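As provided, entry_5.txt (compact mmCIF, C-alpha atoms and all ligand atoms) reads as follows.
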# COMPACT_ATOMS: atom_id res chain seq x y z
CA MET A 18 115.60 116.58 93.14
CA ASN A 19 112.68 114.25 93.74
CA LYS A 20 112.09 114.90 97.43
CA GLU A 21 110.32 111.65 98.14
CA SER A 22 112.52 109.25 96.22
CA GLY A 23 115.71 111.36 96.35
CA THR A 24 116.28 111.06 92.60
CA LYS A 25 115.62 113.28 89.61
CA ILE A 26 113.68 111.73 86.73
CA ASP A 27 116.18 109.92 84.50
CA LYS A 28 114.59 110.46 81.09
CA ALA A 29 117.07 108.29 79.21
CA LYS A 30 116.24 105.42 81.54
CA VAL A 31 112.45 105.94 81.21
CA SER A 32 112.82 106.06 77.45
CA LYS A 33 114.84 102.82 77.39
CA ALA A 34 112.30 101.11 79.65
CA MET A 35 109.42 102.26 77.45
CA ARG A 36 111.16 100.78 74.43
CA SER A 37 111.41 97.48 76.31
CA ILE A 38 107.70 97.62 77.21
CA LEU A 39 106.79 98.14 73.55
CA GLU A 40 108.91 95.13 72.62
CA ALA A 41 107.43 93.09 75.49
CA ILE A 42 103.86 93.70 74.31
CA GLY A 43 104.81 92.52 70.83
CA GLU A 44 105.07 95.90 69.12
CA ASP A 45 107.85 97.07 66.85
CA PRO A 46 109.37 100.12 68.58
CA ASP A 47 111.04 101.11 65.30
CA ARG A 48 107.85 101.38 63.27
CA GLU A 49 107.08 104.92 62.23
CA GLY A 50 104.29 105.66 64.70
CA LEU A 51 106.26 104.38 67.68
CA ARG A 52 109.74 105.63 66.86
CA ASP A 53 109.50 108.69 69.10
CA THR A 54 107.13 107.20 71.66
CA PRO A 55 109.77 106.29 74.29
CA ARG A 56 111.06 109.87 74.22
CA ARG A 57 107.52 111.27 74.38
CA VAL A 58 106.67 109.07 77.35
CA ALA A 59 109.82 110.22 79.17
CA ASP A 60 108.87 113.87 78.53
CA MET A 61 105.34 113.10 79.69
CA TYR A 62 106.47 111.60 83.00
CA GLU A 63 108.69 114.57 83.63
CA GLU A 64 105.64 116.82 83.17
CA LEU A 65 103.12 114.68 85.05
CA LEU A 66 105.45 114.16 88.00
CA GLU A 67 106.69 117.72 88.33
CA GLY A 68 104.98 118.01 91.72
CA TYR A 69 107.97 116.37 93.42
CA GLU A 70 110.09 119.36 92.53
CA SER A 71 107.65 122.21 92.97
CA GLU A 72 107.57 124.60 95.90
CA VAL A 73 104.81 127.15 96.37
CA ASP A 74 106.15 130.69 96.55
CA TYR A 75 104.33 132.42 99.41
CA THR A 76 104.94 136.10 98.70
CA TRP A 77 101.68 137.76 99.69
CA PHE A 78 99.50 137.59 102.80
CA THR A 79 96.58 139.51 104.21
CA GLU A 80 94.84 139.63 107.57
CA SER A 81 91.47 138.07 108.29
CA THR A 82 89.77 135.62 110.60
CA ASP A 83 86.77 134.91 108.36
CA LEU A 84 86.14 131.56 106.73
CA VAL A 85 87.85 131.12 103.34
CA VAL A 86 86.50 128.59 100.81
CA ILE A 87 88.14 127.77 97.48
CA ALA A 88 85.95 125.33 95.55
CA GLY A 89 86.30 123.33 92.34
CA ILE A 90 90.08 123.14 91.95
CA LYS A 91 90.71 120.61 89.18
CA PHE A 92 93.59 118.16 89.45
CA TYR A 93 95.08 115.27 87.51
CA SER A 94 97.20 112.71 89.33
CA LEU A 95 98.61 109.22 88.78
CA CYS A 96 97.71 106.33 91.06
CA GLU A 97 100.81 104.69 92.45
CA HIS A 98 99.39 101.17 92.09
CA HIS A 99 98.73 101.13 88.35
CA VAL A 100 100.26 104.41 87.13
CA LEU A 101 96.92 105.34 85.58
CA PRO A 102 95.33 108.77 85.97
CA PHE A 103 92.87 109.71 88.63
CA MET A 104 91.34 113.15 88.30
CA GLY A 105 88.72 115.34 89.80
CA LEU A 106 88.18 118.34 92.00
CA ALA A 107 89.54 119.55 95.31
CA HIS A 108 87.65 121.89 97.63
CA VAL A 109 89.49 123.69 100.40
CA ALA A 110 88.29 125.67 103.41
CA TYR A 111 90.09 127.19 106.37
CA VAL A 112 89.39 129.53 109.23
CA PRO A 113 92.41 131.83 109.32
CA ARG A 114 93.99 132.88 112.59
CA GLY A 115 94.84 136.28 111.11
CA LYS A 116 96.91 135.03 108.19
CA VAL A 117 95.37 134.55 104.74
CA ILE A 118 97.50 133.33 101.83
CA GLY A 119 96.98 134.40 98.20
CA LEU A 120 94.06 132.70 96.48
CA SER A 121 96.23 131.28 93.66
CA LYS A 122 98.45 129.48 96.17
CA ILE A 123 95.69 126.99 97.00
CA PRO A 124 95.47 125.50 93.46
CA ARG A 125 99.29 125.56 93.40
CA ILE A 126 99.39 123.46 96.58
CA VAL A 127 96.91 121.04 95.02
CA GLN A 128 99.09 120.70 91.88
CA LYS A 129 102.23 120.20 93.98
CA TYR A 130 100.75 117.10 95.60
CA ALA A 131 98.69 115.86 92.64
CA ARG A 132 101.53 115.68 90.14
CA ARG A 133 103.24 112.68 91.71
CA LEU A 134 102.57 108.98 92.06
CA GLN A 135 99.83 109.18 94.65
CA ILE A 136 96.93 107.71 96.48
CA GLN A 137 94.03 110.08 96.91
CA GLU A 138 93.87 109.97 100.71
CA ARG A 139 97.55 110.86 101.07
CA MET A 140 97.15 113.74 98.61
CA THR A 141 94.18 115.08 100.63
CA HIS A 142 96.21 114.86 103.83
CA GLN A 143 99.28 116.57 102.32
CA ILE A 144 97.20 119.48 101.01
CA ALA A 145 95.59 119.98 104.44
CA GLN A 146 99.00 119.77 106.11
CA GLU A 147 100.62 122.44 103.92
CA ILE A 148 97.68 124.82 104.43
CA MET A 149 97.92 124.35 108.20
CA GLU A 150 101.65 125.01 108.14
CA THR A 151 101.59 128.10 105.94
CA THR A 152 98.53 129.82 107.42
CA GLY A 153 99.15 128.75 111.01
CA SER A 154 95.49 127.75 111.21
CA PRO A 155 94.58 124.42 112.79
CA ASP A 156 91.08 124.60 111.26
CA VAL A 157 91.36 123.23 107.73
CA MET A 158 88.99 121.15 105.60
CA VAL A 159 89.97 119.52 102.31
CA VAL A 160 87.57 117.45 100.21
CA THR A 161 88.81 115.70 97.09
CA GLU A 162 86.56 113.82 94.72
CA ALA A 163 87.97 111.83 91.84
CA TYR A 164 87.47 109.21 89.19
CA HIS A 165 90.22 106.59 89.02
CA LEU A 166 90.87 105.13 85.58
CA CYS A 167 92.31 102.02 87.24
CA VAL A 168 88.81 101.31 88.57
CA ILE A 169 86.95 102.52 85.45
CA MET A 170 89.03 101.07 82.58
CA ARG A 171 90.21 97.84 84.18
CA GLY A 172 89.72 95.69 87.28
CA ALA A 173 86.35 96.51 88.84
CA LYS A 174 85.31 98.43 85.66
CA ASN A 175 83.06 100.69 87.66
CA THR A 176 82.50 104.43 87.48
CA ALA A 177 82.32 104.99 91.22
CA ALA A 178 83.72 108.32 92.37
CA MET A 179 85.98 108.42 95.40
CA VAL A 180 85.53 111.20 97.95
CA SER A 181 88.30 111.74 100.47
CA MET A 182 87.93 114.03 103.46
CA GLY A 183 90.63 115.81 105.37
CA LEU A 184 89.13 117.41 108.47
CA ARG A 185 91.39 119.25 110.90
CA GLY A 186 90.70 121.25 114.07
CA ALA A 187 87.21 122.77 114.34
CA PHE A 188 86.04 121.01 111.17
CA LYS A 189 86.34 117.67 112.97
CA THR A 190 83.91 118.64 115.73
CA ASP A 191 81.78 121.52 114.43
CA LYS A 192 79.06 119.98 112.28
CA GLU A 193 77.49 123.37 111.55
CA LEU A 194 80.76 124.81 110.21
CA ARG A 195 81.24 121.72 108.07
CA GLY A 196 77.65 122.06 106.80
CA GLU A 197 78.31 125.67 105.82
CA VAL A 198 81.24 124.53 103.67
CA TYR A 199 79.22 121.69 102.08
CA GLU A 200 76.58 124.24 101.10
CA MET A 201 79.17 126.56 99.58
CA ILE A 202 80.91 123.86 97.54
CA ARG A 203 77.71 122.19 96.35
CA PRO A 204 77.54 124.05 92.97
CA TYR A 205 81.18 123.17 92.28
CA ARG A 206 80.95 119.40 92.88
CA LEU A 207 82.26 116.83 90.38
CA PRO A 208 79.84 116.01 87.52
CA LYS A 209 78.82 112.42 86.95
CA TRP A 210 81.20 110.37 84.78
CA VAL A 211 79.54 109.80 81.39
CA LEU A 212 81.65 107.16 79.63
N1 LIG B 1 92.12 103.85 98.86
C1 LIG B 1 92.65 104.00 97.65
N2 LIG B 1 92.80 102.93 96.86
C2 LIG B 1 93.33 103.13 95.64
C3 LIG B 1 93.73 104.36 95.15
N3 LIG B 1 94.19 104.19 93.88
C4 LIG B 1 94.09 102.89 93.60
N4 LIG B 1 93.56 102.21 94.68
C5 LIG B 1 93.27 100.79 94.89
O1 LIG B 1 94.41 100.10 95.31
C6 LIG B 1 94.09 98.74 95.27
C7 LIG B 1 95.31 97.90 94.93
O2 LIG B 1 94.88 96.59 95.15
P1 LIG B 1 95.52 95.28 94.52
O3 LIG B 1 94.58 94.16 94.83
O4 LIG B 1 96.94 95.16 94.98
O5 LIG B 1 95.57 95.63 92.96
P2 LIG B 1 94.76 94.94 91.78
O6 LIG B 1 94.96 93.46 91.82
O7 LIG B 1 95.16 95.63 90.50
O8 LIG B 1 93.27 95.28 92.20
P3 LIG B 1 91.96 95.55 91.30
O9 LIG B 1 92.01 97.01 90.91
O10 LIG B 1 90.81 95.27 92.23
O11 LIG B 1 92.01 94.65 90.12
C8 LIG B 1 92.96 98.60 94.28
O12 LIG B 1 91.80 98.24 95.00
C9 LIG B 1 92.83 100.01 93.70
O13 LIG B 1 91.51 100.32 93.31
C10 LIG B 1 93.56 105.47 96.02
O14 LIG B 1 93.90 106.61 95.69
N5 LIG B 1 93.04 105.24 97.24
ZN ZN B 2 95.23 102.33 90.66
Go through the file and emit its structure as structure tokens.
Ligand SMILES: Nc1nc2c(ncn2[C@@H]2O[C@H](COP(=O)(O)OP(=O)(O)OP(=O)(O)O)[C@@H](O)[C@H]2O)c(=O)[nH]1
Ligand SMILES: [Zn+2]
Amino acid sequence: MNKESGTKIDKAKVSKAMRSILEAIGEDPDREGLRDTPRRVADMYEELLEGYESEVDYTWFTESTDLVVIAGIKFYSLCEHHVLPFMGLAHVAYVPRGKVIGLSKIPRIVQKYARRLQIQERMTHQIAQEIMETTGSPDVMVVTEAYHLCVIMRGAKNTAAMVSMGLRGAFKTDKELRGEVYEMIRPYRLPKWVL
């Protein structure tokens, strides 16, 4: 079930709609190269939007109260305005209150919220929220940096990167703690777009 829209992806419907789009742009959907395209696009949306249906399986925990930083988590998402990709890196930090979740769960949380129709700020917020809920720590920092193809390929046609910050608890007020995280994530920051 798609938890936000309440519906599962209807692949037959996506495929039919894609065929209509091909016709609408003046293509022949029955020509050899396009014959399977509606089906491929339906399969693609099912894959790219699988985040609606994923749940992270928290099976392992350990105890610590020391700062945890996971830097350079890559993600690919789709902007909900143009349904074009935006992609980049997420960096996550939290100060556990005794409960540390498995390292791999952090990239899984990022994928869960990236693989939907999104805006970057909401994705950043949702990642921070799930980390707060599962670790019980109010002190969470999430930085996402991304290139949006809807800004690069069309419209403004500019290669600006967007950085979105999610600061919770101590990270909101403690500049020194924030600075420590910036230092640690610096080598893992997003490279400059080259095209
Ligand atoms: N803040 C934010 N804006 C986004 C994101 N993804 C897309 N947008 C912007 O959403 C806005 C939608 O604005 P509209 O004016 O309705 O759309 P548009 O006419 O296609 O706008 P242009 O892209 O400027 O041509 C655009 O400025 C997009 O760049 C996102 O993740 N966060
Ligand atoms: Zn867009």
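Each of A:Arg114, A:Arg52, A:His142, A:Arg57 was compared to Leu184 in chain A using all atoms listed in the file, and A:His142 turns out to be the nearest.
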- Message: Can you tell me which residues surround Ser81 in chain A at a distance of at most 10 Å, considering only C-alpha atoms, apart from same-chain residues fewer than 6 positions away, and format the answer as an NGL selection string?
- Response: :A and (112-117)
Please produce a file of the residues just selected, as a PDB file, in the frame of the given file, where the atoms kept are C-alpha atoms.
ATOM      1  CA  VAL A 112      89.390 129.530 109.230  1.00  0.00           C
ATOM      2  CA  PRO A 113      92.410 131.830 109.320  1.00  0.00           C
ATOM      3  CA  ARG A 114      93.990 132.880 112.590  1.00  0.00           C
ATOM      4  CA  GLY A 115      94.840 136.280 111.110  1.00  0.00           C
ATOM      5  CA  LYS A 116      96.910 135.030 108.190  1.00  0.00           C
ATOM      6  CA  VAL A 117      95.370 134.550 104.740  1.00  0.00           C
TER       7      VAL A 117
END
- Message: Which residues are near ligand LIG 1 (chain B) - at most 7 Å, using all atoms listed in the file? Format: as number ranges by chain.
- Response: A: 96-99, 135-138, 165, 167-168, 171-173
Protein, DNA and RNA residues within 6 Å of (82.5, 113.5, 90.7), all atoms listed in the file, as a PDB file with C-alpha atoms, in the coordinates of the input:
ATOM      1  CA  GLU A 162      86.560 113.820  94.720  1.00  0.00           C
ATOM      2  CA  ALA A 163      87.970 111.830  91.840  1.00  0.00           C
ATOM      3  CA  ALA A 178      83.720 108.320  92.370  1.00  0.00           C
ATOM      4  CA  LEU A 207      82.260 116.830  90.380  1.00  0.00           C
ATOM      5  CA  PRO A 208      79.840 116.010  87.520  1.00  0.00           C
ATOM      6  CA  LYS A 209      78.820 112.420  86.950  1.00  0.00           C
TER       7      LYS A 209
END
- Within 9 Å of file point (91.8, 122.4, 86.6), counting all atoms listed in the file, expressed as a list in words: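 Those residues lying close to the given coordinates are Gly89, Ile90, Lys91, Phe92, Tyr93, Gly105, Leu106 and Pro124 of chain A.
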- Pick from A:Leu166, A:Glu44, A:Ile148, A:Asp53, whichever lies nearest to ligand ZN 2 (chain B) using all atoms listed in the file: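 The answer is A:Leu166, which sits nearest to ligand ZN 2 (chain B).
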Just so I have it separately, write range 36-84 of chain A from the block I sent, keeping N, CA and C atoms, as a compact mmCIF listing (two decimals), in the first residue's frame.
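Written file, part.txt:
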# COMPACT_ATOMS: atom_id res chain seq x y z
N ARG A 36 1.45 5.40 -22.88
CA ARG A 36 1.13 5.23 -24.30
C ARG A 36 0.43 6.51 -24.82
N SER A 37 -0.47 7.04 -24.02
CA SER A 37 -1.16 8.28 -24.41
C SER A 37 -0.18 9.44 -24.53
N ILE A 38 0.79 9.51 -23.60
CA ILE A 38 1.79 10.60 -23.66
C ILE A 38 2.59 10.49 -24.95
N LEU A 39 2.99 9.27 -25.30
CA LEU A 39 3.76 9.08 -26.54
C LEU A 39 2.95 9.55 -27.75
N GLU A 40 1.67 9.20 -27.74
CA GLU A 40 0.80 9.66 -28.84
C GLU A 40 0.68 11.17 -28.83
N ALA A 41 0.52 11.74 -27.63
CA ALA A 41 0.31 13.19 -27.50
C ALA A 41 1.52 14.00 -27.96
N ILE A 42 2.72 13.42 -27.83
CA ILE A 42 3.90 14.17 -28.28
C ILE A 42 4.24 13.86 -29.74
N GLY A 43 3.33 13.15 -30.40
CA GLY A 43 3.47 12.93 -31.84
C GLY A 43 4.29 11.71 -32.22
N GLU A 44 4.54 10.84 -31.25
CA GLU A 44 5.30 9.62 -31.54
C GLU A 44 4.34 8.49 -31.92
N ASP A 45 4.91 7.46 -32.51
CA ASP A 45 4.13 6.27 -32.80
C ASP A 45 4.45 5.21 -31.75
N PRO A 46 3.53 4.98 -30.78
CA PRO A 46 3.85 4.05 -29.69
C PRO A 46 4.01 2.61 -30.17
N ASP A 47 3.64 2.34 -31.43
CA ASP A 47 3.78 0.97 -31.94
C ASP A 47 5.07 0.75 -32.73
N ARG A 48 5.85 1.82 -32.90
CA ARG A 48 7.12 1.59 -33.61
C ARG A 48 8.04 0.76 -32.72
N GLU A 49 8.98 0.08 -33.39
CA GLU A 49 9.73 -0.95 -32.68
C GLU A 49 10.38 -0.49 -31.38
N GLY A 50 11.04 0.66 -31.45
CA GLY A 50 11.77 1.14 -30.26
C GLY A 50 10.88 1.52 -29.10
N LEU A 51 9.63 1.83 -29.39
CA LEU A 51 8.73 2.32 -28.33
C LEU A 51 7.72 1.27 -27.86
N ARG A 52 7.67 0.15 -28.56
CA ARG A 52 6.62 -0.83 -28.29
C ARG A 52 6.54 -1.23 -26.82
N ASP A 53 7.68 -1.43 -26.21
CA ASP A 53 7.69 -1.86 -24.79
C ASP A 53 7.90 -0.72 -23.81
N THR A 54 7.98 0.50 -24.33
CA THR A 54 8.29 1.63 -23.44
C THR A 54 7.23 1.86 -22.36
N PRO A 55 5.93 1.82 -22.68
CA PRO A 55 4.96 2.01 -21.60
C PRO A 55 5.12 1.00 -20.46
N ARG A 56 5.39 -0.24 -20.80
CA ARG A 56 5.59 -1.25 -19.76
C ARG A 56 6.87 -0.98 -18.97
N ARG A 57 7.92 -0.56 -19.69
CA ARG A 57 9.19 -0.26 -19.00
C ARG A 57 9.02 0.90 -18.03
N VAL A 58 8.27 1.91 -18.47
CA VAL A 58 8.07 3.10 -17.62
C VAL A 58 7.28 2.71 -16.37
N ALA A 59 6.28 1.84 -16.55
CA ALA A 59 5.50 1.39 -15.39
C ALA A 59 6.40 0.63 -14.40
N ASP A 60 7.25 -0.25 -14.93
CA ASP A 60 8.20 -0.97 -14.06
C ASP A 60 9.13 0.01 -13.37
N MET A 61 9.55 1.03 -14.13
CA MET A 61 10.49 2.01 -13.58
C MET A 61 9.85 2.78 -12.42
N TYR A 62 8.61 3.21 -12.58
CA TYR A 62 7.96 3.95 -11.49
C TYR A 62 7.79 3.07 -10.26
N GLU A 63 7.50 1.81 -10.50
CA GLU A 63 7.35 0.91 -9.35
C GLU A 63 8.67 0.87 -8.55
N GLU A 64 9.78 0.83 -9.31
CA GLU A 64 11.09 0.77 -8.66
C GLU A 64 11.47 2.11 -8.00
N LEU A 65 11.26 3.20 -8.75
CA LEU A 65 11.69 4.50 -8.23
C LEU A 65 10.84 5.00 -7.08
N LEU A 66 9.62 4.46 -6.97
CA LEU A 66 8.71 4.93 -5.92
C LEU A 66 8.52 3.88 -4.82
N GLU A 67 9.47 2.97 -4.72
CA GLU A 67 9.29 1.87 -3.75
C GLU A 67 9.37 2.35 -2.30
N GLY A 68 9.84 3.59 -2.12
CA GLY A 68 9.97 4.12 -0.75
C GLY A 68 8.64 4.19 -0.01
N TYR A 69 7.54 4.35 -0.73
CA TYR A 69 6.23 4.42 -0.07
C TYR A 69 5.92 3.14 0.69
N GLU A 70 6.46 2.04 0.19
CA GLU A 70 6.11 0.75 0.77
C GLU A 70 7.19 0.18 1.67
N SER A 71 8.33 0.89 1.79
CA SER A 71 9.40 0.25 2.57
C SER A 71 9.34 0.65 4.04
N GLU A 72 9.70 -0.32 4.87
CA GLU A 72 9.83 -0.10 6.31
C GLU A 72 11.22 -0.56 6.71
N VAL A 73 11.91 0.21 7.52
CA VAL A 73 13.24 -0.19 7.96
C VAL A 73 13.09 -1.18 9.12
N ASP A 74 13.84 -2.27 9.01
CA ASP A 74 13.75 -3.35 9.99
C ASP A 74 14.81 -3.11 11.08
N TYR A 75 14.38 -2.60 12.20
CA TYR A 75 15.35 -2.31 13.28
C TYR A 75 15.53 -3.55 14.15
N THR A 76 16.61 -4.29 13.89
CA THR A 76 16.78 -5.56 14.60
C THR A 76 17.95 -5.53 15.57
N TRP A 77 18.81 -4.53 15.44
CA TRP A 77 20.05 -4.53 16.22
C TRP A 77 20.29 -3.14 16.80
N PHE A 78 20.66 -3.10 18.06
CA PHE A 78 20.97 -1.83 18.73
C PHE A 78 22.22 -2.01 19.58
N THR A 79 22.91 -0.91 19.85
CA THR A 79 23.97 -0.97 20.85
C THR A 79 23.87 0.26 21.73
N GLU A 80 24.68 0.29 22.78
CA GLU A 80 24.59 1.40 23.74
C GLU A 80 25.75 2.36 23.56
N SER A 81 25.45 3.64 23.49
CA SER A 81 26.49 4.66 23.45
C SER A 81 25.83 6.02 23.62
N THR A 82 26.64 6.98 24.05
CA THR A 82 26.14 8.36 24.11
C THR A 82 27.06 9.28 23.31
N ASP A 83 27.97 8.68 22.53
CA ASP A 83 28.91 9.49 21.75
C ASP A 83 28.34 9.81 20.37
N LEU A 84 28.73 10.99 19.90
CA LEU A 84 28.28 11.48 18.60
C LEU A 84 28.47 10.43 17.50
